[in-house]
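**Student:** The following block contains the structure, expressed as structure tokens.
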Amino acid sequence: MANIIYIEYAFTVTPVQPTSDILIAELGEIGFESFVENENGVLAYIQKTDWEESMIDAIDILKNDNFKIEYTVKEIEQENWNATWEENFKLIQVDDACVVRAPFHDAPVVEYDIVIEPKMSFGTGHHETTFMMLKHILENDFTKKSVLDMGSGTGVLAILAAMKGAAPVEAIDIDNWCYLNAKENVERNGFPNIQVLEGDASLLKNKKFDVIIANINRNILLADIPIYAACLNSGGSLFLSGFYQEDLKMISDKCQEHSLKFEKNLEKNNWVAAKYVF
């Protein structure tokens, strides 16, 4: 079989946020399948067979004068793919307790060592929202609690919850690649009993959880908060992220409408991860 050839776009952006998030969202819509965020911007990848040079013209943010975006383009053959990821995927450490790393990183001495294959899935721990959600999980008791990780990406949040004693645990994502990647990662970390599902909040009918974790985006959260509230057991907790500080009141007001009380939030680079209790 011939090697798959990827096209790499290396974007340098100013400001890094929210430019990188907007750029990733637009690139994903036109067929780019993998992304690596770095301190300068984003590396974006698409298979050459799916690529046309003109497709980048559909990216609206490139035409917006409020953002400075420059990029270079090159080909990468499949045999160099792992080397490319290894060069760009850095180990993430959350406090002194948790590390998220790839198989090629050396094993650290920490209580929670999470190994994920760094494919295209969101939720590797590099993004502020995933990092803060990991902190929330570290700071809370998950022993014997039923947990839902909604918009699970790589499954890293579900894995940490299971490491902290949660059971049963479900992880749901609407994206097929994320679903497949999460299934691989829960097995890799020794938690094959984490149920990984492909779909959206429609899968939650008649289900109940002690804890729901949802790291998605503001609009989906606002639409699904009533569903999350209906799925929480009495005394349950809801952790939400994927929105900015200026959106916190809107999110909290929607939660209050459904008897969810704001307890605390974390903030990093204007991103927010908030905890609500039922």
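In the structure tokens, chains take the letters A, B, ... in the order shown, each chain's residues start at 1, and ligands count up from 1 in the order shown.
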Counting only C-alpha atoms, what is within 9 Å of stretch 169-180 of chain A, bar same-chain residues fewer than 6 positions away, as a PyMOL selection string?

**Tutor:** chain A and resi 33+119-122+145-155+157-159+161-162+193-201+203+209

**Student:** Would you kindly return, as JSON, numbers by chain, each protein, DNA or RNA residue with an atom no farther than 10 Å from any atom of A:Glu29, considering only C-alpha atoms and excluding same-chain residues fewer than 5 positions away?

**Tutor:** {"A": [24, 58, 59]}

**Student:** For atom CA of A:Ala10 and atom CA of A:Trp51, quote the distance in Å rounded to one decimal.

**Tutor:** 15.2 Å

**Student:** Within 8 Å of A:Val42, counting only C-alpha atoms, which residues show up once you throw out same-chain ones fewer than 3 positions away? Write them as a list in words, please.

**Tutor:**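 Using only C-alpha atoms, the neighbours found are Ala10, Phe11, Thr12, Val13, Ser20, Ile24, Phe35, Val36, Glu37 and Asn38 of chain A.
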
**Student:** From the options A:Asp60, A:Glu77, A:Val186, A:Glu39, which residue's atoms come nearest to A:Lys90, counting only C-alpha atoms?

**Tutor:**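 Closest to A:Lys90 of all the choices is A:Glu39.
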
**Student:** So which one's closest to A:Glu53, A:Phe239, A:Phe89, A:Trp271, A:Tyr9? Using only C-alpha atoms, please.

**Tutor:**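 Of A:Phe239, A:Phe89, A:Trp271, A:Tyr9, the one nearest A:Glu53, counting only C-alpha atoms, is A:Tyr9.
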
**Student:** List the neighbours of stretch 245-249 of chain A out to 8 Å using only C-alpha atoms; skip same-chain residues closer than 3 positions along the sequence, and give me the result as a list in words.

**Tutor:**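 What passes the distance filter is Arg218, Ser252, Asp253, Glu267, Asn270, Trp271 and Val272 of chain A.
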
**Student:** Next, the residues of the selection above should be written as an mmCIF file, in the first residue's frame with N, CA, C and O atoms.

**Tutor:**
```cif
data_model
loop_
_atom_site.group_PDB
_atom_site.id
_atom_site.type_symbol
_atom_site.label_atom_id
_atom_site.label_comp_id
_atom_site.auth_asym_id
_atom_site.auth_seq_id
_atom_site.Cartn_x
_atom_site.Cartn_y
_atom_site.Cartn_z
ATOM 1 N N ARG A 218 -20.248 27.080 24.069
ATOM 2 C CA ARG A 218 -21.328 27.807 24.738
ATOM 3 C C ARG A 218 -22.709 27.449 24.204
ATOM 4 O O ARG A 218 -23.630 27.153 24.974
ATOM 5 N N SER A 252 -24.556 30.429 33.759
ATOM 6 C CA SER A 252 -25.050 30.281 35.134
ATOM 7 C C SER A 252 -26.544 30.557 35.231
ATOM 8 O O SER A 252 -27.271 29.885 35.981
ATOM 9 N N ASP A 253 -27.024 31.545 34.475
ATOM 10 C CA ASP A 253 -28.461 31.845 34.479
ATOM 11 C C ASP A 253 -29.260 30.661 33.951
ATOM 12 O O ASP A 253 -30.317 30.316 34.498
ATOM 13 N N GLU A 267 -10.391 29.772 35.861
ATOM 14 C CA GLU A 267 -10.211 30.601 34.673
ATOM 15 C C GLU A 267 -8.761 30.537 34.214
ATOM 16 O O GLU A 267 -7.830 30.566 35.032
ATOM 17 N N ASN A 270 -8.802 33.606 29.901
ATOM 18 C CA ASN A 270 -10.179 34.027 29.625
ATOM 19 C C ASN A 270 -11.128 32.856 29.395
ATOM 20 O O ASN A 270 -12.333 33.052 29.239
ATOM 21 N N TRP A 271 -10.631 31.617 29.347
ATOM 22 C CA TRP A 271 -11.498 30.454 29.280
ATOM 23 C C TRP A 271 -11.962 30.099 30.688
ATOM 24 O O TRP A 271 -11.239 30.330 31.671
ATOM 25 N N VAL A 272 -13.139 29.515 30.798
ATOM 26 C CA VAL A 272 -13.744 29.217 32.096
ATOM 27 C C VAL A 272 -14.152 27.744 32.166
ATOM 28 O O VAL A 272 -14.601 27.169 31.166
#
```

**Student:** Could you give me, as a PyMOL selection string, the residues within 9 Å of A:Leu160, counting only C-alpha atoms and dropping anything in the same chain fewer than 3 positions from it?

**Tutor:** chain A and resi 98+112-114+134+137-138+155-157+163-166

**Student:** Where in stretch 135-179 of chain A does DSSP assign helix (DSSP H, G or I), given as a ChimeraX atom specification?

**Tutor:** /A:135-139,156-163,176-179

**Student:** Between A:Asp21, A:Asp65, A:Glu26, A:Glu263, single out the one closest to A:Phe243, counting only C-alpha atoms.

**Tutor:**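 The answer is A:Asp21, which sits nearest to A:Phe243.
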
**Student:** What's the separation between atom CA of A:Asn217 and atom CA of A:Ile251, in Å to one decimal place?

**Tutor:**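 Those two atoms sit 10.7 Å apart.
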
**Student:** Using atom CA of A:Ile116 and atom CA of A:Pro15 as the two end points, give the distance in Å to one decimal.

**Tutor:**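 That distance, rounded to one decimal, is 28.7 Å.
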
**Student:** Between A:Leu23, A:Val211, A:Leu260, A:Ile46, which has the minimum distance to A:Ile5 (counting only C-alpha atoms)?

**Tutor:**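 Under the stated criterion, the closest residue is A:Ile46.
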
**Student:** Among stretch 9-129 of chain A, which ones does DSSP place in strand (DSSP E), written as a VMD selection string?

**Tutor:** chain A and resid 9 to 14 34 to 38 41 to 47 68 to 77 92 to 94 98 to 101 112 to 115

**Student:** Extract, using only C-alpha atoms, all DNA, RNA and protein residues at most 10 Å from A:Gln47, discarding same-chain residues fewer than 2 positions from it, and format them as JSON, numbers by chain.

**Tutor:** {"A": [4, 5, 6, 7, 8, 31, 32, 33, 34, 45, 49, 50, 51, 75, 76, 77, 78]}

**Student:** Could you please take those selected residues and save N, CA, C and O atoms as a PDB file, in the first residue's frame?

**Tutor:**
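Full text of part15.pdb as output:
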```pdb
ATOM      1  N   ILE A   4       0.328   7.213   2.726  1.00  0.00           N
ATOM      2  CA  ILE A   4      -0.584   8.348   2.682  1.00  0.00           C
ATOM      3  C   ILE A   4       0.245   9.623   2.795  1.00  0.00           C
ATOM      4  O   ILE A   4       1.167   9.709   3.612  1.00  0.00           O
ATOM      5  N   ILE A   5      -0.085  10.589   1.982  1.00  0.00           N
ATOM      6  CA  ILE A   5       0.603  11.880   2.035  1.00  0.00           C
ATOM      7  C   ILE A   5      -0.342  12.908   2.656  1.00  0.00           C
ATOM      8  O   ILE A   5      -1.495  13.029   2.259  1.00  0.00           O
ATOM      9  N   TYR A   6       0.160  13.618   3.652  1.00  0.00           N
ATOM     10  CA  TYR A   6      -0.602  14.670   4.297  1.00  0.00           C
ATOM     11  C   TYR A   6      -0.085  16.031   3.852  1.00  0.00           C
ATOM     12  O   TYR A   6       1.100  16.200   3.552  1.00  0.00           O
ATOM     13  N   ILE A   7      -0.979  17.001   3.854  1.00  0.00           N
ATOM     14  CA  ILE A   7      -0.609  18.390   3.644  1.00  0.00           C
ATOM     15  C   ILE A   7      -0.640  19.081   5.000  1.00  0.00           C
ATOM     16  O   ILE A   7      -1.649  19.015   5.717  1.00  0.00           O
ATOM     17  N   GLU A   8       0.463  19.705   5.360  1.00  0.00           N
ATOM     18  CA  GLU A   8       0.545  20.441   6.623  1.00  0.00           C
ATOM     19  C   GLU A   8       0.490  21.937   6.367  1.00  0.00           C
ATOM     20  O   GLU A   8       1.272  22.460   5.571  1.00  0.00           O
ATOM     21  N   GLY A  31     -12.748  19.898   6.033  1.00  0.00           N
ATOM     22  CA  GLY A  31     -12.132  18.594   5.829  1.00  0.00           C
ATOM     23  C   GLY A  31     -10.774  18.362   6.450  1.00  0.00           C
ATOM     24  O   GLY A  31     -10.230  17.258   6.346  1.00  0.00           O
ATOM     25  N   PHE A  32     -10.188  19.369   7.123  1.00  0.00           N
ATOM     26  CA  PHE A  32      -8.930  19.127   7.823  1.00  0.00           C
ATOM     27  C   PHE A  32      -9.206  18.173   8.979  1.00  0.00           C
ATOM     28  O   PHE A  32     -10.188  18.318   9.705  1.00  0.00           O
ATOM     29  N   GLU A  33      -8.333  17.181   9.183  1.00  0.00           N
ATOM     30  CA  GLU A  33      -8.652  16.096  10.111  1.00  0.00           C
ATOM     31  C   GLU A  33      -7.820  16.073  11.369  1.00  0.00           C
ATOM     32  O   GLU A  33      -8.099  15.304  12.289  1.00  0.00           O
ATOM     33  N   SER A  34      -6.780  16.881  11.452  1.00  0.00           N
ATOM     34  CA  SER A  34      -5.971  16.852  12.668  1.00  0.00           C
ATOM     35  C   SER A  34      -5.324  18.203  12.900  1.00  0.00           C
ATOM     36  O   SER A  34      -5.014  18.935  11.958  1.00  0.00           O
ATOM     37  N   TYR A  45      -3.699  19.539   9.450  1.00  0.00           N
ATOM     38  CA  TYR A  45      -3.352  18.480   8.504  1.00  0.00           C
ATOM     39  C   TYR A  45      -4.584  17.981   7.757  1.00  0.00           C
ATOM     40  O   TYR A  45      -5.672  17.849   8.332  1.00  0.00           O
ATOM     41  N   THR A  49      -5.184  13.568  -0.817  1.00  0.00           N
ATOM     42  CA  THR A  49      -6.274  13.160  -1.704  1.00  0.00           C
ATOM     43  C   THR A  49      -7.557  13.950  -1.456  1.00  0.00           C
ATOM     44  O   THR A  49      -8.433  13.995  -2.312  1.00  0.00           O
ATOM     45  N   ASP A  50      -7.667  14.568  -0.269  1.00  0.00           N
ATOM     46  CA  ASP A  50      -8.851  15.363   0.075  1.00  0.00           C
ATOM     47  C   ASP A  50      -8.618  16.860  -0.080  1.00  0.00           C
ATOM     48  O   ASP A  50      -9.512  17.664   0.215  1.00  0.00           O
ATOM     49  N   TRP A  51      -7.430  17.220  -0.520  1.00  0.00           N
ATOM     50  CA  TRP A  51      -7.003  18.626  -0.500  1.00  0.00           C
ATOM     51  C   TRP A  51      -7.020  19.259  -1.878  1.00  0.00           C
ATOM     52  O   TRP A  51      -6.670  18.633  -2.875  1.00  0.00           O
ATOM     53  N   GLU A  75       4.247  19.095   2.299  1.00  0.00           N
ATOM     54  CA  GLU A  75       3.773  17.716   2.284  1.00  0.00           C
ATOM     55  C   GLU A  75       4.513  16.898   3.335  1.00  0.00           C
ATOM     56  O   GLU A  75       5.701  17.126   3.585  1.00  0.00           O
ATOM     57  N   ILE A  76       3.782  15.932   3.930  1.00  0.00           N
ATOM     58  CA  ILE A  76       4.388  15.004   4.888  1.00  0.00           C
ATOM     59  C   ILE A  76       3.939  13.597   4.515  1.00  0.00           C
ATOM     60  O   ILE A  76       2.741  13.320   4.451  1.00  0.00           O
ATOM     61  N   GLU A  77       4.873  12.702   4.293  1.00  0.00           N
ATOM     62  CA  GLU A  77       4.520  11.316   3.997  1.00  0.00           C
ATOM     63  C   GLU A  77       4.224  10.567   5.287  1.00  0.00           C
ATOM     64  O   GLU A  77       4.702  10.918   6.369  1.00  0.00           O
ATOM     65  N   GLN A  78       3.426   9.520   5.159  1.00  0.00           N
ATOM     66  CA  GLN A  78       2.975   8.761   6.327  1.00  0.00           C
ATOM     67  C   GLN A  78       4.153   8.259   7.164  1.00  0.00           C
ATOM     68  O   GLN A  78       4.084   8.236   8.393  1.00  0.00           O
TER      69      GLN A  78
END
```
